[in-house]
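Source file: target.txt (compact mmCIF, C-alpha atoms)
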# COMPACT_ATOMS: atom_id res chain seq x y z
CA MET R 6 -58.05 -23.64 18.03
CA GLU R 7 -59.37 -24.94 14.73
CA VAL R 8 -60.75 -21.54 13.84
CA LEU R 9 -57.39 -19.93 14.55
CA ILE R 10 -55.56 -22.41 12.27
CA LEU R 11 -58.20 -21.94 9.57
CA ALA R 12 -57.76 -18.16 9.72
CA VAL R 13 -53.96 -18.53 9.42
CA LEU R 14 -54.50 -20.89 6.48
CA VAL R 15 -56.62 -18.37 4.61
CA GLY R 16 -54.01 -15.67 5.25
CA LEU R 17 -51.15 -17.90 4.03
CA ALA R 18 -53.10 -18.93 0.92
CA ILE R 19 -53.73 -15.31 -0.05
CA ALA R 20 -50.07 -14.45 0.61
CA ALA R 21 -48.87 -17.39 -1.52
CA VAL R 22 -50.96 -16.22 -4.46
CA ARG R 23 -50.18 -12.51 -4.13
CA VAL R 24 -46.45 -12.40 -3.41
CA ARG R 25 -44.32 -11.55 -6.48
CA ASP R 26 -41.19 -13.49 -5.54
CA LEU R 27 -41.78 -17.11 -6.55
CA MET R 28 -39.27 -18.44 -4.00
CA ALA R 29 -41.25 -16.69 -1.25
CA ALA R 30 -44.50 -18.07 -2.68
CA VAL R 31 -43.10 -21.61 -2.50
CA ALA R 32 -41.91 -21.05 1.08
CA ILE R 33 -45.36 -19.76 2.04
CA LEU R 34 -46.94 -22.78 0.37
CA GLY R 35 -44.72 -24.99 2.53
CA ALA R 36 -45.86 -23.15 5.65
CA TYR R 37 -49.46 -23.53 4.47
CA SER R 38 -48.98 -27.29 4.07
CA LEU R 39 -47.48 -27.57 7.54
CA MET R 40 -50.38 -25.58 9.01
CA MET R 41 -52.73 -27.93 7.18
CA ALA R 42 -50.93 -30.94 8.70
CA LEU R 43 -51.37 -29.36 12.13
CA LEU R 44 -55.07 -28.85 11.47
CA TRP R 45 -55.48 -32.48 10.44
CA CYS R 46 -53.80 -33.70 13.59
CA GLN R 47 -56.16 -31.42 15.49
CA MET R 48 -59.04 -33.08 13.62
CA ASN R 49 -57.76 -36.53 14.71
CA ALA R 50 -56.72 -37.45 11.18
CA LEU R 51 -53.21 -38.39 12.27
CA ASP R 52 -52.21 -40.41 9.21
CA VAL R 53 -53.35 -37.67 6.87
CA GLY R 54 -51.52 -35.14 9.02
CA PHE R 55 -48.14 -36.76 8.81
CA THR R 56 -48.55 -37.63 5.15
CA GLU R 57 -49.26 -33.97 4.44
CA ALA R 58 -46.28 -32.90 6.56
CA SER R 59 -43.85 -35.22 4.77
CA VAL R 60 -45.27 -35.30 1.25
CA GLY R 61 -47.12 -31.99 0.97
CA ALA R 62 -44.81 -29.75 2.97
CA GLY R 63 -41.64 -31.76 2.23
CA ILE R 64 -41.47 -33.36 -1.22
CA SER R 65 -43.75 -30.81 -2.87
CA THR R 66 -41.61 -27.90 -1.67
CA VAL R 67 -38.41 -29.63 -2.77
CA LEU R 68 -39.88 -30.28 -6.23
CA MET R 69 -40.96 -26.66 -6.54
CA LEU R 70 -37.55 -25.37 -5.48
CA ALA R 71 -35.85 -27.71 -7.94
CA ALA R 72 -38.08 -26.38 -10.72
CA LEU R 73 -37.44 -22.76 -9.66
CA GLY R 74 -33.74 -23.45 -9.93
CA ARG R 75 -34.29 -23.94 -13.68
CA ILE R 76 -36.95 -21.29 -14.17
CA GLY R 77 -35.77 -18.32 -12.10
CA ARG R 78 -37.50 -16.84 -9.10
CA ARG R 79 -39.07 -13.62 -10.39
CA GLU R 80 -42.67 -13.50 -11.45
CA GLU R 81 -42.75 -11.26 -14.51
CA GLY R 82 -45.43 -8.62 -14.78
CA PRO R 83 -47.69 -8.51 -17.82
CA SER R 84 -45.27 -8.28 -20.74
CA ARG R 85 -42.41 -6.08 -19.71
CA ALA R 86 -39.54 -8.02 -21.27
CA PRO R 87 -39.39 -7.72 -25.06
CA LEU R 88 -39.93 -10.88 -27.05
CA LEU R 89 -36.52 -10.80 -28.67
CA ARG R 90 -35.95 -14.52 -28.60
CA LEU R 91 -38.34 -15.13 -31.46
CA PRO R 92 -36.69 -14.31 -34.79
CA LEU R 93 -40.09 -13.70 -36.38
CA LEU R 94 -40.73 -10.82 -34.02
CA THR R 95 -37.98 -8.47 -35.10
CA MET R 96 -40.48 -6.09 -36.66
CA LYS R 97 -41.63 -3.48 -34.20
CA ALA R 98 -45.29 -3.65 -35.15
CA ARG R 99 -45.45 -7.36 -34.42
CA LEU R 100 -43.68 -6.87 -31.13
CA ARG R 101 -46.17 -4.23 -30.10
CA ARG R 102 -49.04 -6.42 -31.22
CA ALA R 103 -47.74 -9.33 -29.16
CA GLN R 104 -47.34 -7.19 -26.05
CA GLN R 105 -50.80 -5.74 -26.53
CA LEU R 106 -52.24 -9.25 -26.83
CA SER R 107 -50.41 -10.31 -23.71
CA ARG R 108 -51.74 -7.35 -21.73
CA GLN R 109 -55.27 -7.85 -23.03
CA HIS R 110 -55.07 -11.49 -22.11
CA HIS R 111 -53.99 -10.65 -18.55
CA ARG R 112 -56.76 -8.13 -18.02
CA ALA R 113 -59.47 -10.29 -19.56
CA SER R 114 -58.44 -13.39 -17.65
CA ALA R 115 -58.38 -11.51 -14.31
CA TRP R 116 -61.96 -10.29 -14.70
CA GLY R 117 -63.15 -13.60 -16.10
CA ALA R 118 -61.52 -15.39 -13.17
CA VAL R 119 -63.23 -13.14 -10.62
CA LEU R 120 -66.57 -13.80 -12.31
CA VAL R 121 -66.02 -17.57 -12.39
CA CYS R 122 -64.85 -17.59 -8.75
CA VAL R 123 -67.93 -15.66 -7.57
CA LEU R 124 -70.24 -17.99 -9.47
CA VAL R 125 -68.53 -21.17 -8.26
CA GLY R 126 -68.42 -19.83 -4.70
CA ALA R 127 -72.11 -18.98 -4.70
CA LEU R 128 -73.01 -22.41 -6.04
CA LEU R 129 -70.79 -24.19 -3.51
CA LEU R 130 -72.19 -22.20 -0.58
CA TYR R 131 -75.71 -22.91 -1.85
CA GLY R 132 -74.75 -26.58 -1.98
CA THR R 133 -73.67 -26.64 1.68
CA ARG R 134 -77.26 -25.95 2.79
CA ASP R 135 -77.92 -29.66 3.20
CA MET R 136 -74.60 -30.46 4.85
CA PRO R 137 -74.62 -31.57 8.48
CA GLN R 138 -72.70 -29.70 11.17
CA VAL R 139 -68.97 -30.51 10.99
CA GLY R 140 -68.23 -33.15 13.63
CA ASP R 141 -71.79 -34.37 14.02
CA PRO R 142 -71.57 -38.02 15.21
CA ASP R 143 -74.99 -38.70 13.64
CA SER R 144 -74.10 -37.34 10.21
CA PRO R 145 -74.89 -39.62 7.25
CA ALA R 146 -71.21 -40.27 6.61
CA ASN R 147 -70.65 -41.45 10.19
CA ARG R 148 -73.73 -43.11 11.64
CA GLN R 149 -75.57 -44.29 8.58
CA ALA R 150 -72.67 -45.49 6.48
CA ARG R 151 -72.44 -49.19 7.19
CA VAL R 152 -69.00 -49.46 5.68
CA ALA R 153 -67.48 -47.12 8.28
CA GLN R 154 -69.19 -49.01 11.09
CA TYR R 155 -67.89 -52.25 9.62
CA TYR R 156 -64.30 -50.99 9.57
CA LEU R 157 -64.59 -49.69 13.10
CA THR R 158 -65.93 -52.90 14.60
CA LYS R 159 -64.38 -55.64 12.46
CA SER R 160 -61.00 -54.46 11.20
CA ARG R 161 -59.18 -55.40 14.41
CA ASP R 162 -60.28 -59.04 14.14
CA GLU R 163 -60.24 -59.38 10.37
CA VAL R 164 -57.00 -57.63 9.50
CA GLY R 165 -55.07 -57.07 12.70
CA PRO R 166 -53.41 -53.66 12.97
CA ALA R 167 -54.65 -51.41 15.73
CA ASN R 168 -54.61 -48.50 13.30
CA MET R 169 -57.76 -48.77 11.21
CA VAL R 170 -56.41 -46.49 8.52
CA THR R 171 -53.65 -49.05 7.92
CA SER R 172 -56.18 -51.88 7.68
CA VAL R 173 -58.38 -50.05 5.21
CA LEU R 174 -55.46 -48.77 3.13
CA GLY R 175 -53.60 -52.04 2.89
CA ASP R 176 -56.42 -54.57 2.92
CA TYR R 177 -60.03 -53.48 2.38
CA ARG R 178 -59.13 -50.87 -0.23
CA GLY R 179 -55.89 -52.47 -1.41
CA TYR R 180 -56.82 -51.99 -5.07
CA ASP R 181 -57.06 -48.24 -4.47
CA THR R 182 -53.55 -48.25 -3.12
CA MET R 183 -52.36 -50.25 -6.11
CA GLY R 184 -54.00 -47.67 -8.38
CA GLU R 185 -52.18 -44.96 -6.46
CA THR R 186 -48.83 -46.67 -7.06
CA VAL R 187 -49.67 -46.95 -10.76
CA VAL R 188 -50.33 -43.18 -10.79
CA ILE R 189 -46.99 -42.46 -9.10
CA PHE R 190 -45.22 -44.77 -11.55
CA THR R 191 -46.86 -43.06 -14.53
CA ALA R 192 -46.01 -39.63 -13.14
CA ALA R 193 -42.38 -40.67 -12.63
CA LEU R 194 -42.24 -41.94 -16.24
CA CYS R 195 -43.74 -38.65 -17.51
CA VAL R 196 -41.25 -36.52 -15.60
CA LEU R 197 -38.39 -38.70 -16.75
CA MET R 198 -39.41 -38.48 -20.42
CA LEU R 199 -40.06 -34.74 -20.27
CA LEU R 200 -36.85 -33.81 -18.52
CA ARG R 201 -34.47 -36.33 -20.04
CA GLU R 202 -35.05 -34.91 -23.48
CA ALA R 203 -34.35 -31.40 -22.21
CA VAL R 204 -31.12 -32.53 -20.57
CA GLY R 205 -30.14 -34.52 -23.68
CA ARG R 206 -30.75 -31.53 -25.96
CA GLY R 207 -28.70 -29.28 -23.70
CA ARG R 208 -25.83 -31.74 -23.96
CA ARG R 209 -26.11 -31.94 -27.76
CA GLU R 210 -26.08 -28.14 -28.00
CA ARG R 211 -23.01 -27.98 -25.81
CA ASP R 212 -21.22 -30.55 -27.92
CA ALA R 213 -22.13 -28.92 -31.21
CA MET W 6 -81.78 -15.79 1.78
CA ALA W 7 -81.86 -15.02 5.51
CA GLU W 8 -82.13 -18.73 6.15
CA LEU W 9 -79.08 -19.36 3.97
CA LEU W 10 -77.03 -16.71 5.81
CA ASP W 11 -78.14 -18.14 9.14
CA HIS W 12 -77.03 -21.57 7.98
CA LEU W 13 -73.67 -20.18 6.88
CA TRP W 14 -73.19 -18.59 10.29
CA THR W 15 -73.66 -21.91 12.10
CA HIS W 16 -71.76 -23.90 9.45
CA TYR W 17 -68.91 -21.43 9.02
CA HIS W 18 -66.41 -24.25 8.38
CA TYR W 19 -67.81 -24.77 4.92
CA ALA W 20 -67.52 -21.08 4.09
CA ILE W 21 -63.80 -21.19 4.99
CA TYR W 22 -63.26 -24.32 2.88
CA VAL W 23 -64.98 -22.63 -0.05
CA ALA W 24 -62.85 -19.50 0.46
CA LEU W 25 -59.63 -21.56 0.43
CA MET W 26 -60.76 -23.39 -2.69
CA LEU W 27 -61.63 -20.15 -4.47
CA ILE W 28 -58.23 -18.63 -3.70
CA GLY W 29 -56.68 -21.62 -5.44
CA LEU W 30 -59.13 -21.45 -8.33
CA TYR W 31 -58.46 -17.74 -8.79
CA ALA W 32 -54.71 -18.38 -8.95
CA VAL W 33 -55.19 -21.12 -11.55
CA LEU W 34 -57.43 -18.93 -13.72
CA ALA W 35 -56.02 -15.43 -13.36
CA LYS W 36 -52.30 -15.74 -12.68
CA GLY W 37 -50.18 -15.54 -15.80
CA ASN W 38 -47.13 -17.21 -14.29
CA LEU W 39 -47.30 -20.98 -14.71
CA VAL W 40 -45.58 -21.70 -11.38
CA LYS W 41 -48.27 -19.61 -9.69
CA LYS W 42 -50.85 -21.75 -11.43
CA VAL W 43 -49.26 -24.89 -9.99
CA ILE W 44 -49.29 -23.29 -6.52
CA GLY W 45 -52.98 -22.45 -7.02
CA LEU W 46 -53.68 -26.03 -8.03
CA ASN W 47 -52.05 -27.18 -4.77
CA LEU W 48 -54.18 -24.79 -2.71
CA LEU W 49 -57.33 -25.96 -4.48
CA GLN W 50 -56.49 -29.60 -3.85
CA THR W 51 -55.78 -29.17 -0.15
CA ALA W 52 -59.04 -27.25 0.32
CA VAL W 53 -60.94 -30.18 -1.21
CA PHE W 54 -59.05 -32.63 1.04
CA LEU W 55 -59.95 -30.52 4.06
CA PHE W 56 -63.62 -30.58 3.10
CA TYR W 57 -63.52 -34.33 2.60
CA ILE W 58 -61.83 -35.03 5.94
CA SER W 59 -64.35 -32.82 7.71
CA ILE W 60 -67.20 -34.99 6.38
CA GLY W 61 -65.94 -37.93 8.45
CA ARG W 62 -65.32 -35.75 11.50
CA ASN W 63 -66.84 -36.94 14.76
CA THR W 64 -66.40 -34.63 17.73
CA ASP W 65 -67.09 -37.50 20.15
CA GLY W 66 -64.45 -39.65 18.51
CA ALA W 67 -60.76 -40.31 18.98
CA ALA W 68 -58.19 -40.98 16.28
CA PRO W 69 -59.07 -44.24 14.50
CA VAL W 70 -56.64 -46.41 16.43
CA VAL W 71 -58.16 -49.22 18.49
CA TRP W 72 -57.97 -48.55 22.19
CA ILE W 73 -61.20 -50.25 23.30
CA GLU W 74 -61.51 -53.81 22.05
CA LYS W 75 -65.28 -53.85 21.56
CA PRO W 76 -66.71 -50.41 20.86
CA ASP W 77 -70.49 -50.36 21.33
CA THR W 78 -71.01 -46.74 20.43
CA MET W 79 -68.74 -44.98 17.94
CA PRO W 80 -65.80 -43.54 19.85
CA TYR W 81 -63.65 -43.14 16.73
CA GLU W 82 -63.36 -40.81 13.80
CA ASN W 83 -64.51 -42.21 10.50
CA PRO W 84 -61.35 -43.79 8.99
CA LEU W 85 -62.62 -44.01 5.41
CA PRO W 86 -62.15 -40.33 4.41
CA HIS W 87 -58.67 -40.44 5.94
CA VAL W 88 -57.66 -43.35 3.72
CA LEU W 89 -59.09 -41.79 0.58
CA MET W 90 -57.36 -38.48 1.24
CA LEU W 91 -54.03 -40.18 1.97
CA THR W 92 -54.21 -41.58 -1.55
CA ALA W 93 -55.30 -38.20 -2.93
CA ILE W 94 -52.40 -36.31 -1.32
CA VAL W 95 -49.87 -38.61 -2.96
CA VAL W 96 -51.65 -38.35 -6.31
CA GLY W 97 -51.65 -34.56 -5.87
CA VAL W 98 -47.88 -34.54 -5.50
CA SER W 99 -47.58 -36.63 -8.67
CA ILE W 100 -49.66 -34.01 -10.49
CA THR W 101 -47.41 -31.26 -9.11
CA ALA W 102 -44.31 -33.12 -10.31
CA VAL W 103 -45.61 -33.60 -13.87
CA ALA W 104 -46.89 -30.01 -14.04
CA LEU W 105 -43.52 -28.64 -12.92
CA ALA W 106 -41.69 -30.81 -15.45
CA LEU W 107 -43.94 -29.38 -18.17
CA VAL W 108 -43.26 -25.85 -16.93
CA VAL W 109 -39.51 -26.48 -17.07
CA ARG W 110 -39.85 -27.69 -20.67
CA ILE W 111 -41.97 -24.65 -21.58
CA LYS W 112 -39.29 -22.40 -20.10
CA GLY W 113 -36.74 -24.18 -22.28
CA ALA W 114 -38.85 -23.83 -25.43
CA TYR W 115 -40.21 -20.27 -25.03
CA GLY W 116 -37.77 -18.64 -22.63
CA THR W 117 -40.65 -17.52 -20.40
CA VAL W 118 -43.25 -19.06 -18.11
CA ASP W 119 -45.80 -16.28 -18.54
CA GLU W 120 -48.99 -17.54 -20.14
CA GLY W 121 -49.84 -14.27 -21.89
CA LYS W 122 -46.43 -14.06 -23.53
CA ILE W 123 -46.54 -17.69 -24.62
CA LEU W 124 -49.94 -17.19 -26.25
CA ALA W 125 -48.76 -13.95 -27.88
CA MET W 126 -45.71 -15.75 -29.27
CA ASP W 127 -47.88 -18.51 -30.69
CA GLU W 128 -50.17 -15.91 -32.21
CA ALA W 129 -47.29 -13.92 -33.68
CA GLU W 130 -45.77 -17.07 -35.12
CA GLY W 131 -49.11 -17.95 -36.72
CA GLN W 132 -49.31 -14.46 -38.28
CA GLY W 133 -45.73 -14.72 -39.47
CA LYS W 134 -46.54 -17.92 -41.30
CA GLY W 135 -49.89 -16.74 -42.67

Translate this structure into structure tokens?
Amino acid sequence: MEVLILAVLVGLAIAAVRVRDLMAAVAILGAYSLMMALLWCQMNALDVGFTEASVGAGISTVLMLAALGRIGRREEGPSRAPLLRLPLLTMKARLRRAQQLSRQHHRASAWGAVLVCVLVGALLLYGTRDMPQVGDPDSPANRQARVAQYYLTKSRDEVGPANMVTSVLGDYRGYDTMGETVVIFTAALCVLMLLREAVGRGRRERDA
Amino acid sequence: MAELLDHLWTHYHYAIYVALMLIGLYAVLAKGNLVKKVIGLNLLQTAVFLFYISIGRNTDGAAPVVWIEKPDTMPYENPLPHVLMLTAIVVGVSITAVALALVVRIKGAYGTVDEGKILAMDEAEGQGKG
């Protein structure tokens, strides 16, 4: 079952990267997130599963669609549209130069990316040599980590909730959760500052 | 080398995680469209989360919700990776939100979200001034 979901995940990931229509890519990404949530439930990580389903597949997709509403859904190929918006580029030579640069950039970055991916992949696979079998009850992270054993045996008495993830999230690692809220707050501020100015400028232009 | 391949065959999970991560990395590096880059970033993140959750995996275990009052062996999954990845998922969405806001602003400023064109415009503007 897990292998089947993993295979579907790889297929969806490739599709999300390859498809030209951005709206379709976002939809595929949503499906990928939902598949991932399913896989996590299969792996007994229930809390992670439903967080991924609501936040990853839900909010993320909505954000992307909202952004696409302002950007447009087509992914442009390497420099097809002329760069007419820039007043400096009225001269034909400069236009050609810019398009040439753009195309060069695309080609160079594709080959560079393949090279980097192969290198990183080889290193990562080499690094998995010492990893235990997935699901091994005696793996260092499970058997030998005292902190996990502590949570498993003590959290019911010390904190209370039957769900250990709740105990760890809200009590033992409460500072982590506070840090997380600070990150969300900062992100919200960033988005607000970035987009409010854009909206404000649009209004000024309309009024002028 | 043969030993490494043998290891990969028995530990195929890791190979799939690496493949998922690389698909995301490739999108971030090679795709010119900035929205595609954000999508790639998402794929990369989820692959890392998957790897992390699998570290705490215990095939003998149940979901980490107490159903035996005094466990003498370890009948549960390791809850710690779950908690850390919960936090990471939410942080990941924050990153997506900020990245998309930036992309929207770039679209407003340049009229395109294609990286090559944006760089070419910057270059052309630099030449125009120089």

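Comparing W:Ile44, W:Val118, W:Val70, W:Leu124 by their smallest distance to chain R, the closest is W:Val70 (using only C-alpha atoms).
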
Select from chain R every residue with an atom at most 6 Å from any atom of chain W, then for each give the shortest pair of atoms and their distance in Å to one decimal, using only C-alpha atoms, rows by chain and rising number, as JSON lines.
{"residue": "R:Asn49", "atom": "CA", "partner": "W:Ala68", "partner_atom": "CA", "distance": 4.7}
{"residue": "R:Val53", "atom": "CA", "partner": "W:Leu91", "partner_atom": "CA", "distance": 5.5}
{"residue": "R:Ala103", "atom": "CA", "partner": "W:Ala125", "partner_atom": "CA", "distance": 4.9}
{"residue": "R:Leu106", "atom": "CA", "partner": "W:Ala125", "partner_atom": "CA", "distance": 5.9}
{"residue": "R:Ser107", "atom": "CA", "partner": "W:Gly121", "partner_atom": "CA", "distance": 4.4}
{"residue": "R:His110", "atom": "CA", "partner": "W:Gly121", "partner_atom": "CA", "distance": 5.9}
{"residue": "R:Ser114", "atom": "CA", "partner": "W:Ala35", "partner_atom": "CA", "distance": 5.3}
{"residue": "R:Ala115", "atom": "CA", "partner": "W:Ala35", "partner_atom": "CA", "distance": 4.7}
{"residue": "R:Ala118", "atom": "CA", "partner": "W:Leu34", "partner_atom": "CA", "distance": 5.4}
{"residue": "R:Cys122", "atom": "CA", "partner": "W:Leu27", "partner_atom": "CA", "distance": 5.9}
{"residue": "R:Gly140", "atom": "CA", "partner": "W:Asn63", "partner_atom": "CA", "distance": 4.2}
{"residue": "R:Asp141", "atom": "CA", "partner": "W:Asn63", "partner_atom": "CA", "distance": 5.6}
{"residue": "R:Pro142", "atom": "CA", "partner": "W:Asn63", "partner_atom": "CA", "distance": 4.9}
{"residue": "R:Ala167", "atom": "CA", "partner": "W:Val71", "partner_atom": "CA", "distance": 5.0}
{"residue": "R:Asn168", "atom": "CA", "partner": "W:Val70", "partner_atom": "CA", "distance": 4.3}
{"residue": "R:Met169", "atom": "CA", "partner": "W:Pro69", "partner_atom": "CA", "distance": 5.7}
{"residue": "R:Val170", "atom": "CA", "partner": "W:Pro84", "partner_atom": "CA", "distance": 5.6}
{"residue": "R:Leu174", "atom": "CA", "partner": "W:Val88", "partner_atom": "CA", "distance": 5.9}
{"residue": "R:Ile189", "atom": "CA", "partner": "W:Ser99", "partner_atom": "CA", "distance": 5.9}
{"residue": "R:Ala192", "atom": "CA", "partner": "W:Ser99", "partner_atom": "CA", "distance": 5.6}
{"residue": "R:Val196", "atom": "CA", "partner": "W:Val103", "partner_atom": "CA", "distance": 5.5}

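Of the residues listed (R:Val8, R:Ala30, R:Ala36, R:Val187), R:Ala36 shows the shortest atom-to-atom separation from Gly61 in chain R; distances use all atoms listed in the file.
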
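Going from CA of Leu11 in chain R to CA of Val53 in chain W covers 13.8 Å.
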
Item to complete: Just give me the gap between CA of Gly54 in chain R and CA of Gln149 in chain R in Å, one decimal is fine.
Response: 25.7 Å

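CA of Ala7 in chain W to CA of Leu128 in chain R spans 16.3 Å [interatomic distance, one decimal].
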
Fill in: Selection: 7 Å around Glu80 in chain R, all atoms listed in the file, excl. self and same-chain fewer than 4 positions, as a PyMOL selection string
(chain R and resi 25-27) or (chain W and resi 38)
